[in-house]
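Here is the file upload09.pdb (PDB, C-alpha atoms and all ligand atoms).
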```pdb
ATOM      1  CA  MET W  66     -66.018 -23.775  54.414
ATOM      2  CA  ALA W  67     -62.970 -21.463  54.534
ATOM      3  CA  ASN W  68     -63.498 -21.209  58.262
ATOM      4  CA  GLU W  69     -63.566 -24.980  58.650
ATOM      5  CA  VAL W  70     -60.349 -25.374  56.664
ATOM      6  CA  GLN W  71     -58.704 -22.655  58.751
ATOM      7  CA  GLN W  72     -59.864 -24.506  61.863
ATOM      8  CA  LEU W  73     -58.145 -27.693  60.757
ATOM      9  CA  THR W  74     -54.922 -26.104  59.577
ATOM     10  CA  PHE W  75     -54.063 -23.769  62.453
ATOM     11  CA  ARG W  76     -50.364 -23.905  63.190
ATOM     12  CA  MET W  77     -48.241 -24.069  66.311
ATOM     13  CA  THR W  78     -45.856 -21.184  66.900
ATOM     14  CA  ARG W  79     -42.296 -21.741  68.099
ATOM     15  CA  GLU W  80     -43.206 -20.245  71.469
ATOM     16  CA  GLU W  81     -46.159 -22.619  71.895
ATOM     17  CA  PHE W  82     -43.952 -25.534  70.850
ATOM     18  CA  ASP W  83     -41.392 -24.550  73.499
ATOM     19  CA  PHE W  84     -44.116 -24.478  76.154
ATOM     20  CA  PHE W  85     -45.525 -27.931  75.238
ATOM     21  CA  ARG W  86     -42.127 -29.561  74.906
ATOM     22  CA  SER W  87     -40.896 -28.163  78.208
ATOM     23  CA  LYS W  88     -44.012 -29.631  79.843
ATOM     24  CA  ILE W  89     -43.622 -33.118  78.362
ATOM     25  CA  PHE W  90     -39.968 -33.055  79.415
ATOM     26  CA  LEU W  91     -40.900 -32.111  82.981
ATOM     27  CA  LEU W  92     -43.748 -34.603  83.202
ATOM     28  CA  ALA W  93     -42.285 -37.617  81.395
ATOM     29  CA  GLY W  94     -38.610 -36.929  80.676
ATOM     30  CA  ILE W  95     -39.404 -37.009  76.956
ATOM     31  CA  SER W  96     -36.960 -34.785  75.125
ATOM     32  CA  LEU W  97     -38.163 -33.322  71.815
ATOM     33  CA  SER W  98     -35.729 -31.744  69.361
ATOM     34  CA  ASP W  99     -36.553 -28.629  67.306
ATOM     35  CA  ALA W 100     -37.414 -30.918  64.397
ATOM     36  CA  LYS W 101     -40.418 -32.345  66.270
ATOM     37  CA  LEU W 102     -42.699 -29.308  65.938
ATOM     38  CA  ASP W 103     -44.821 -30.928  63.200
ATOM     39  CA  LEU W 104     -45.151 -34.118  65.214
ATOM     40  CA  LEU W 105     -46.250 -32.302  68.354
ATOM     41  CA  GLN W 106     -48.663 -30.197  66.346
ATOM     42  CA  ALA W 107     -50.233 -33.271  64.731
ATOM     43  CA  ARG W 108     -50.548 -35.087  68.066
ATOM     44  CA  LEU W 109     -52.192 -32.166  69.900
ATOM     45  CA  ARG W 110     -54.430 -30.773  67.141
ATOM     46  CA  SER W 111     -57.334 -33.211  67.631
ATOM     47  CA  ARG W 112     -57.289 -32.578  71.393
ATOM     48  CA  VAL W 113     -57.474 -28.820  70.853
ATOM     49  CA  LEU W 114     -60.419 -29.296  68.485
ATOM     50  CA  SER W 115     -62.248 -31.722  70.753
ATOM     51  CA  LEU W 116     -62.022 -29.179  73.570
ATOM     52  CA  GLY W 117     -63.715 -26.675  71.248
ATOM     53  CA  MET W 118     -60.639 -24.453  71.083
ATOM     54  CA  LYS W 119     -59.517 -22.635  67.969
ATOM     55  CA  ASP W 120     -55.732 -22.704  68.335
ATOM     56  CA  PHE W 121     -52.766 -24.009  70.338
ATOM     57  CA  ARG W 122     -52.438 -20.755  72.265
ATOM     58  CA  SER W 123     -55.871 -21.355  73.838
ATOM     59  CA  TYR W 124     -54.786 -24.871  74.829
ATOM     60  CA  GLN W 125     -51.546 -23.501  76.312
ATOM     61  CA  LEU W 126     -53.457 -20.916  78.368
ATOM     62  CA  TYR W 127     -55.893 -23.611  79.505
ATOM     63  CA  LEU W 128     -53.093 -25.947  80.629
ATOM     64  CA  GLN W 129     -51.249 -23.148  82.415
ATOM     65  CA  LYS W 130     -54.210 -22.646  84.729
ATOM     66  CA  LEU W 131     -54.568 -26.306  85.668
ATOM     67  CA  PRO W 132     -53.130 -27.926  88.778
ATOM     68  CA  GLU W 133     -50.573 -30.683  88.110
ATOM     69  CA  VAL W 134     -53.019 -33.384  89.154
ATOM     70  CA  HIS W 135     -55.697 -32.367  86.635
ATOM     71  CA  GLN W 136     -56.808 -35.126  84.238
ATOM     72  CA  GLU W 137     -55.997 -32.985  81.221
ATOM     73  CA  TRP W 138     -52.288 -33.529  81.937
ATOM     74  CA  GLU W 139     -52.917 -37.266  81.654
ATOM     75  CA  HIS W 140     -54.494 -36.735  78.207
ATOM     76  CA  PHE W 141     -51.552 -34.523  77.289
ATOM     77  CA  ILE W 142     -49.005 -37.205  78.248
ATOM     78  CA  ASN W 143     -50.989 -39.989  76.561
ATOM     79  CA  LEU W 144     -51.068 -37.991  73.322
ATOM     80  CA  LEU W 145     -47.341 -37.391  73.287
ATOM     81  CA  THR W 146     -46.091 -40.895  73.994
ATOM     82  CA  THR W 147     -45.158 -43.186  71.109
ATOM     83  CA  ASN W 148     -46.492 -46.661  71.788
ATOM     84  CA  LYS W 149     -45.241 -48.769  68.916
ATOM     85  CA  THR W 150     -44.632 -52.322  70.068
ATOM     86  CA  ASP W 151     -44.867 -55.903  68.798
ATOM     87  CA  TRP W 152     -45.020 -59.524  69.844
ATOM     88  CA  PHE W 153     -41.503 -61.000  70.004
ATOM     89  CA  ARG W 154     -39.959 -57.647  69.123
ATOM     90  CA  GLU W 155     -36.164 -58.035  68.848
ATOM     91  CA  PRO W 156     -36.536 -61.825  69.175
ATOM     92  CA  ASP W 157     -32.890 -62.505  70.049
ATOM     93  CA  HIS W 158     -33.623 -61.019  73.500
ATOM     94  CA  PHE W 159     -36.066 -63.826  74.210
ATOM     95  CA  SER W 160     -33.524 -66.401  73.004
ATOM     96  CA  PHE W 161     -31.010 -64.787  75.355
ATOM     97  CA  ILE W 162     -33.453 -65.120  78.279
ATOM     98  CA  VAL W 163     -34.130 -68.812  77.569
ATOM     99  CA  ASN W 164     -30.637 -69.933  76.568
ATOM    100  CA  GLU W 165     -28.291 -67.688  78.573
ATOM    101  CA  PHE W 166     -30.050 -65.957  81.441
ATOM    102  CA  LEU W 167     -32.370 -68.694  82.776
ATOM    103  CA  PRO W 168     -29.836 -71.579  82.895
ATOM    104  CA  ARG W 169     -27.502 -69.400  85.000
ATOM    105  CA  TRP W 170     -30.281 -67.931  87.119
ATOM    106  CA  LEU W 171     -31.788 -71.384  87.868
ATOM    107  CA  LYS W 172     -28.426 -72.507  89.285
ATOM    108  CA  LEU W 173     -28.862 -69.889  92.041
ATOM    109  CA  GLY W 174     -31.608 -72.119  93.480
ATOM    110  CA  LYS W 175     -34.211 -69.346  93.755
ATOM    111  CA  LYS W 176     -37.846 -70.392  93.477
ATOM    112  CA  HIS W 177     -39.462 -67.166  92.248
ATOM    113  CA  LEU W 178     -38.396 -65.021  89.319
ATOM    114  CA  LYS W 179     -39.336 -61.327  89.339
ATOM    115  CA  VAL W 180     -39.292 -59.528  86.019
ATOM    116  CA  TRP W 181     -39.979 -55.860  85.286
ATOM    117  CA  CYS W 182     -41.186 -54.912  81.847
ATOM    118  CA  ALA W 183     -40.673 -51.152  82.057
ATOM    119  CA  ALA W 184     -42.478 -49.077  79.378
ATOM    120  CA  SER W 185     -44.691 -52.022  78.421
ATOM    121  CA  SER W 186     -47.024 -50.100  76.089
ATOM    122  CA  THR W 187     -50.113 -52.158  75.089
ATOM    123  CA  GLY W 188     -48.844 -55.381  76.702
ATOM    124  CA  GLU W 189     -47.380 -57.436  73.843
ATOM    125  CA  GLU W 190     -43.886 -57.334  75.351
ATOM    126  CA  ALA W 191     -45.031 -58.460  78.811
ATOM    127  CA  TYR W 192     -47.203 -61.257  77.389
ATOM    128  CA  THR W 193     -44.362 -62.355  75.100
ATOM    129  CA  LEU W 194     -42.263 -62.698  78.244
ATOM    130  CA  SER W 195     -45.026 -64.597  79.965
ATOM    131  CA  LEU W 196     -45.404 -67.022  77.036
ATOM    132  CA  VAL W 197     -41.655 -67.621  76.978
ATOM    133  CA  LEU W 198     -41.319 -68.068  80.755
ATOM    134  CA  ASN W 199     -44.409 -70.303  80.951
ATOM    135  CA  LEU W 200     -42.827 -72.760  78.563
ATOM    136  CA  ALA W 201     -39.223 -72.419  79.761
ATOM    137  CA  LEU W 202     -40.044 -72.817  83.474
ATOM    138  CA  LYS W 203     -42.822 -75.378  83.075
ATOM    139  CA  THR W 204     -41.043 -78.295  84.754
ATOM    140  CA  SER W 205     -38.636 -76.268  86.912
ATOM    141  CA  GLY W 206     -40.810 -75.727  89.992
ATOM    142  CA  VAL W 207     -40.075 -72.008  89.695
ATOM    143  CA  SER W 208     -42.898 -69.444  89.621
ATOM    144  CA  PHE W 209     -42.640 -66.025  88.015
ATOM    145  CA  TYR W 210     -44.176 -62.572  88.177
ATOM    146  CA  ILE W 211     -44.006 -59.815  85.571
ATOM    147  CA  LEU W 212     -44.585 -56.196  86.517
ATOM    148  CA  ALA W 213     -45.579 -54.290  83.367
ATOM    149  CA  THR W 214     -45.476 -50.509  83.725
ATOM    150  CA  ASP W 215     -46.046 -47.501  81.524
ATOM    151  CA  ILE W 216     -46.714 -43.790  81.958
ATOM    152  CA  ASP W 217     -49.559 -43.870  79.397
ATOM    153  CA  THR W 218     -52.868 -44.798  81.050
ATOM    154  CA  ASN W 219     -54.556 -45.709  77.727
ATOM    155  CA  VAL W 220     -52.065 -48.406  76.818
ATOM    156  CA  LEU W 221     -52.168 -49.842  80.342
ATOM    157  CA  GLY W 222     -55.911 -50.393  79.906
ATOM    158  CA  LEU W 223     -55.357 -52.292  76.648
ATOM    159  CA  GLY W 224     -52.649 -54.398  78.276
ATOM    160  CA  ARG W 225     -54.935 -55.292  81.196
ATOM    161  CA  ASN W 226     -57.622 -56.335  78.708
ATOM    162  CA  GLY W 227     -55.273 -58.784  76.993
ATOM    163  CA  VAL W 228     -57.286 -58.977  73.779
ATOM    164  CA  TYR W 229     -55.436 -58.680  70.455
ATOM    165  CA  PRO W 230     -56.238 -59.095  66.740
ATOM    166  CA  GLN W 231     -55.828 -62.723  65.692
ATOM    167  CA  ALA W 232     -53.584 -61.550  62.854
ATOM    168  CA  CYS W 233     -50.877 -61.108  65.546
ATOM    169  CA  LEU W 234     -50.465 -64.888  65.671
ATOM    170  CA  SER W 235     -48.303 -64.543  62.565
ATOM    171  CA  GLN W 236     -45.716 -62.704  64.718
ATOM    172  CA  ILE W 237     -45.705 -65.448  67.349
ATOM    173  CA  PRO W 238     -43.783 -68.734  66.906
ATOM    174  CA  GLU W 239     -46.214 -71.651  66.703
ATOM    175  CA  LYS W 240     -44.946 -73.360  69.850
ATOM    176  CA  TYR W 241     -46.348 -70.415  71.830
ATOM    177  CA  HIS W 242     -49.827 -70.413  70.288
ATOM    178  CA  PHE W 243     -51.058 -72.485  73.265
ATOM    179  CA  GLY W 244     -51.118 -69.237  75.237
ATOM    180  CA  PHE W 245     -54.243 -67.887  73.533
ATOM    181  CA  CYS W 246     -57.867 -68.784  73.361
ATOM    182  CA  GLN W 247     -59.934 -68.029  70.306
ATOM    183  CA  GLY W 248     -62.332 -65.132  70.369
ATOM    184  CA  THR W 249     -66.034 -65.665  70.921
ATOM    185  CA  LYS W 250     -68.333 -65.467  67.908
ATOM    186  CA  GLU W 251     -68.660 -61.707  68.247
ATOM    187  CA  LEU W 252     -64.924 -61.435  68.746
ATOM    188  CA  SER W 253     -63.921 -63.944  66.104
ATOM    189  CA  THR W 254     -61.123 -61.825  64.679
ATOM    190  CA  TRP W 255     -59.667 -61.289  68.147
ATOM    191  CA  MET W 256     -57.774 -63.521  70.508
ATOM    192  CA  LYS W 257     -57.599 -63.444  74.251
ATOM    193  CA  VAL W 258     -54.517 -64.180  76.301
ATOM    194  CA  ARG W 259     -55.105 -67.312  78.397
ATOM    195  CA  LYS W 260     -55.367 -67.200  82.182
ATOM    196  CA  GLU W 261     -52.029 -68.974  82.790
ATOM    197  CA  VAL W 262     -50.258 -66.371  80.647
ATOM    198  CA  LYS W 263     -52.216 -63.361  81.897
ATOM    199  CA  GLY W 264     -52.149 -64.324  85.587
ATOM    200  CA  PRO W 265     -48.461 -63.634  86.289
ATOM    201  CA  VAL W 266     -48.601 -60.187  84.615
ATOM    202  CA  GLU W 267     -49.619 -57.093  86.559
ATOM    203  CA  PHE W 268     -50.007 -53.705  84.846
ATOM    204  CA  LYS W 269     -49.237 -50.548  86.829
ATOM    205  CA  HIS W 270     -48.830 -46.876  86.116
ATOM    206  CA  PHE W 271     -45.199 -45.824  86.600
ATOM    207  CA  ASN W 272     -43.159 -42.823  85.478
ATOM    208  CA  LEU W 273     -39.584 -43.911  84.749
ATOM    209  CA  SER W 274     -38.310 -40.337  84.753
ATOM    210  CA  GLN W 275     -39.267 -39.678  88.374
ATOM    211  CA  THR W 276     -36.047 -40.854  89.929
ATOM    212  CA  PRO W 277     -34.992 -42.181  92.398
ATOM    213  CA  TYR W 278     -37.872 -44.659  92.658
ATOM    214  CA  GLN W 279     -39.866 -44.685  95.888
ATOM    215  CA  TRP W 280     -39.996 -48.446  96.323
ATOM    216  CA  GLN W 281     -37.932 -51.301  97.685
ATOM    217  CA  GLU W 282     -37.811 -53.701  94.733
ATOM    218  CA  ASN W 283     -35.437 -56.472  93.761
ATOM    219  CA  PHE W 284     -36.087 -57.575  90.197
ATOM    220  CA  ASP W 285     -34.084 -60.453  88.713
ATOM    221  CA  LEU W 286     -34.535 -59.268  85.151
ATOM    222  CA  VAL W 287     -35.533 -55.895  83.699
ATOM    223  CA  LEU W 288     -36.546 -55.124  80.117
ATOM    224  CA  CYS W 289     -36.484 -51.404  79.418
ATOM    225  CA  ARG W 290     -36.632 -51.264  75.632
ATOM    226  CA  ASN W 291     -37.398 -48.572  73.085
ATOM    227  CA  VAL W 292     -38.153 -45.871  75.639
ATOM    228  CA  MET W 293     -34.728 -44.405  76.392
ATOM    229  CA  ILE W 294     -34.521 -43.219  72.776
ATOM    230  CA  TYR W 295     -36.928 -40.470  73.926
ATOM    231  CA  PHE W 296     -34.747 -39.419  76.892
ATOM    232  CA  ASN W 297     -31.647 -37.207  77.022
ATOM    233  CA  LYS W 298     -28.347 -38.522  78.401
ATOM    234  CA  GLU W 299     -28.923 -37.256  81.935
ATOM    235  CA  THR W 300     -32.390 -38.819  82.131
ATOM    236  CA  ILE W 301     -31.037 -42.119  80.742
ATOM    237  CA  ARG W 302     -28.366 -42.162  83.411
ATOM    238  CA  ASN W 303     -30.869 -41.429  86.198
ATOM    239  CA  VAL W 304     -33.275 -44.079  84.895
ATOM    240  CA  VAL W 305     -30.728 -46.883  84.535
ATOM    241  CA  GLU W 306     -29.255 -46.080  87.960
ATOM    242  CA  ALA W 307     -32.731 -46.187  89.515
ATOM    243  CA  ILE W 308     -33.337 -49.528  87.761
ATOM    244  CA  TYR W 309     -29.987 -50.714  89.141
ATOM    245  CA  GLU W 310     -31.144 -49.828  92.669
ATOM    246  CA  SER W 311     -34.405 -51.731  92.029
ATOM    247  CA  SER W 312     -32.647 -54.948  90.984
ATOM    248  CA  CYS W 313     -31.078 -57.783  92.949
ATOM    249  CA  ASP W 314     -27.349 -58.549  92.825
ATOM    250  CA  ASP W 315     -27.719 -61.209  90.126
ATOM    251  CA  ALA W 316     -29.891 -59.109  87.846
ATOM    252  CA  ALA W 317     -29.675 -58.502  84.103
ATOM    253  CA  LEU W 318     -30.958 -55.532  82.124
ATOM    254  CA  ILE W 319     -32.087 -55.651  78.506
ATOM    255  CA  ILE W 320     -32.420 -52.448  76.489
ATOM    256  CA  ALA W 321     -33.244 -52.062  72.793
ATOM    257  CA  HIS W 322     -30.711 -52.583  70.024
ATOM    258  CA  SER W 323     -31.141 -48.950  69.004
ATOM    259  CA  GLU W 324     -30.168 -47.816  72.536
ATOM    260  CA  SER W 325     -26.860 -47.841  74.358
ATOM    261  CA  LEU W 326     -25.479 -47.007  77.786
ATOM    262  CA  GLN W 327     -22.183 -45.939  76.256
ATOM    263  CA  ASN W 328     -21.067 -42.572  77.671
ATOM    264  CA  VAL W 329     -23.726 -42.446  80.399
ATOM    265  CA  ASN W 330     -21.401 -43.723  83.115
ATOM    266  CA  ALA W 331     -23.850 -46.327  84.394
ATOM    267  CA  SER W 332     -23.183 -48.883  87.134
ATOM    268  CA  TRP W 333     -24.436 -51.724  84.876
ATOM    269  CA  LYS W 334     -21.731 -53.931  83.339
ATOM    270  CA  TYR W 335     -21.759 -54.403  79.583
ATOM    271  CA  LEU W 336     -22.335 -57.981  78.434
ATOM    272  CA  ALA W 337     -23.169 -57.676  74.717
ATOM    273  CA  PRO W 338     -24.985 -55.086  72.574
ATOM    274  CA  SER W 339     -28.216 -54.163  74.448
ATOM    275  CA  LEU W 340     -27.428 -56.584  77.320
ATOM    276  CA  TYR W 341     -26.173 -55.556  80.768
ATOM    277  CA  HIS W 342     -25.769 -57.239  84.142
ATOM    278  CA  LYS W 343     -24.699 -56.503  87.692
ATOM    279  CA  GLY W 344     -21.575 -58.628  87.555
ATOM    280  CA  ARG W 345     -22.476 -61.858  89.337
ATOM    281  CA  LEU W 346     -24.438 -63.947  86.849
ATOM    282  CA  PHE W 347     -22.126 -63.768  83.818
TER     283      PHE W 347
HETATM  284  C1  LIG T   1     -42.077 -47.322  71.718
HETATM  285  S1  LIG T   1     -42.924 -47.911  73.143
HETATM  286  C2  LIG T   1     -41.935 -49.322  73.541
HETATM  287  C3  LIG T   1     -42.759 -50.477  74.058
HETATM  288  C4  LIG T   1     -41.982 -51.750  74.374
HETATM  289  N1  LIG T   1     -41.057 -51.555  75.453
HETATM  290  C5  LIG T   1     -41.267 -52.262  73.161
HETATM  291  O1  LIG T   1     -40.028 -52.236  73.107
HETATM  292  O2  LIG T   1     -41.951 -52.708  72.227
HETATM  293  C6  LIG T   1     -42.405 -46.713  74.390
HETATM  294  C7  LIG T   1     -43.290 -46.721  75.613
HETATM  295  O3  LIG T   1     -42.645 -45.936  76.623
HETATM  296  C8  LIG T   1     -43.633 -45.259  77.366
HETATM  297  N2  LIG T   1     -43.009 -44.130  78.090
HETATM  298  C9  LIG T   1     -42.569 -42.953  77.593
HETATM  299  N3  LIG T   1     -42.092 -42.171  78.582
HETATM  300  C10 LIG T   1     -42.223 -42.882  79.732
HETATM  301  C11 LIG T   1     -41.908 -42.621  81.089
HETATM  302  N4  LIG T   1     -41.355 -41.461  81.476
HETATM  303  N5  LIG T   1     -42.194 -43.561  82.010
HETATM  304  C12 LIG T   1     -42.744 -44.751  81.634
HETATM  305  N6  LIG T   1     -43.076 -45.056  80.367
HETATM  306  C13 LIG T   1     -42.805 -44.129  79.419
HETATM  307  C14 LIG T   1     -44.642 -44.853  76.309
HETATM  308  O4  LIG T   1     -45.902 -44.579  76.866
HETATM  309  C15 LIG T   1     -44.641 -46.060  75.382
HETATM  310  O5  LIG T   1     -45.696 -46.938  75.671
END
```
Please re-express this file's structure in C-alpha cells.
Amino acid sequence: MANEVQQLTFRMTREEFDFFRSKIFLLAGISLSDAKLDLLQARLRSRVLSLGMKDFRSYQLYLQKLPEVHQEWEHFINLLTTNKTDWFREPDHFSFIVNEFLPRWLKLGKKHLKVWCAASSTGEEAYTLSLVLNLALKTSGVSFYILATDIDTNVLGLGRNGVYPQACLSQIPEKYHFGFCQGTKELSTWMKVRKEVKGPVEFKHFNLSQTPYQWQENFDLVLCRNVMIYFNKETIRNVVEAIYESSCDDAALIIAHSESLQNVNASWKYLAPSLYHKGRLF
C-alpha cells in the first residue's frame, strides 16, 4: 500500500520541470511560468504511470532519447495544451461578424469568404462560426469555408466527429438550433452537427508557433482566440505577423478579450478591444 501511495505522489524536481517546460516552449511556443510546476506535474503524472515508469526523471530520460518525430512528443503536447472552449464564447464577436464585418465585406463583391479559426480546440468555435455564417449568408449568393486548426491531435479528432452533448444547446441561441440533428436512440443525449454546417469546416493540424507559415493563404477573417495567453510577447508578435501575411488586404482579426496586441508592435490596426483589421475595411 505504502508503495502504491508513493507511486501516485512522486514529485517533479525543479530541474525536471525546466526540461519539460523548455520542450513545450520549443515544440508549441507555450510559455510556462515558475508557478506552473504543479500544473505540469498533474498533467504528466498519468502519462508517466501509464508508461510503467516510476518518476518524472525516467520520463525525461525516455523523451531525451526520442527523435523529434516520435509519437510520444504528440502525446506530450496533447497533455500540455489547455483546450477549454464553448459554443458562442465571447458572443459579441459573433455579433460583430454579422453586424459590422459582413455588411462591409459583402460590399467588396467577393463571392467566397475564407475564414481561419486558429486554435479551434474541440470544434465548438468553428461550428459556431458556421452556424452564424450559414444564416447570415443564406440569401447572399456567397459561399464560405472555415479552416479550423489546432496543434492538439486529440481535439482535432473530436472536432471532425462533430458530435456534442445535447446539453450544449442551452449555450446556443434558439435561432441556430436548426444546425443540429438529434442523436440516434443509442446517442440520445448527444447531438450531431448537420451536414450543411459541418461541410464548410475543415480541421487540420497546424502549429501557430512555427513562423513564418509555409503556405500562400489569403483569409478574409481570422479568429485566434484564447491561445496567445499561453505565448510570450515575442511569440505573439511572430504569430500575429504570420497571420497578417496569411490574410488578404481587407481582412479582420479577432483575438480574445483577455488578450491584447498592445506593446507587440504588430502590423494589424486596432479597431476596438480584441478587434483588428488591415486598414481597408473599416
Ligand atoms: C483555450 S483553447 C481556445 C479554443 C478556442 N479558440 C476558444 O477561444 O474557445 C486553446 C487552444 O490552443 C491550442 N494551441 C496551443 N498552442 C498551440 C499552437 N502552438 N498552435 C496551435 N494551437 C495551439 C490548444 O491545443 C487549445 O486547443
**Request:** With all atoms listed in the file counted, collect every polymer residue having an atom within 9 Å of ligand LIG 1 (chain T); state the result as a ChimeraX atom specification.
**Result:** /W:90,92-95,142-143,145-155,182-191,214-221,270-275,288-296,320-321
Just so the selection is clear, what residues does the PyMOL selection byres (((chain W and resi 342) around 7) and not hetatm) cover here, as an mmCIF file with C-alpha atoms, in the coordinates of the input?
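Saved to out-v6.cif:
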```cif
data_model
loop_
_atom_site.group_PDB
_atom_site.id
_atom_site.type_symbol
_atom_site.label_atom_id
_atom_site.label_comp_id
_atom_site.auth_asym_id
_atom_site.auth_seq_id
_atom_site.Cartn_x
_atom_site.Cartn_y
_atom_site.Cartn_z
ATOM 1 C CA ALA W 316 -29.891 -59.109 87.846
ATOM 2 C CA ALA W 317 -29.675 -58.502 84.103
ATOM 3 C CA LEU W 318 -30.958 -55.532 82.124
ATOM 4 C CA TRP W 333 -24.436 -51.724 84.876
ATOM 5 C CA LYS W 334 -21.731 -53.931 83.339
ATOM 6 C CA TYR W 335 -21.759 -54.403 79.583
ATOM 7 C CA LEU W 336 -22.335 -57.981 78.434
ATOM 8 C CA TYR W 341 -26.173 -55.556 80.768
ATOM 9 C CA LYS W 343 -24.699 -56.503 87.692
ATOM 10 C CA GLY W 344 -21.575 -58.628 87.555
#
```
**Request:** Point out the residue among W:Lys179, W:Arg302, W:Arg112, W:Arg225 with the least atom-to-atom distance to Phe268 of chain W, counting all atoms listed in the file.
**Result:** W:Arg225
Segment 331-337 of chain W: axis-aligned bounding box, 6 Å on each side, centre and edge lengths in Å, one decimal, as lines of an AutoDock Vina configuration file:
```
center_x = -23.1
center_y = -52.2
center_z = 80.9
size_x = 14.7
size_y = 23.7
size_z = 24.4
```
**Asked** What does the distance between atom CA of Val197 of chain W and atom CA of Ala307 of chain W come to in Å, to one decimal place?
**Response**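 Going from atom CA of Val197 of chain W over to atom CA of Ala307 of chain W, I get 26.4 Å.
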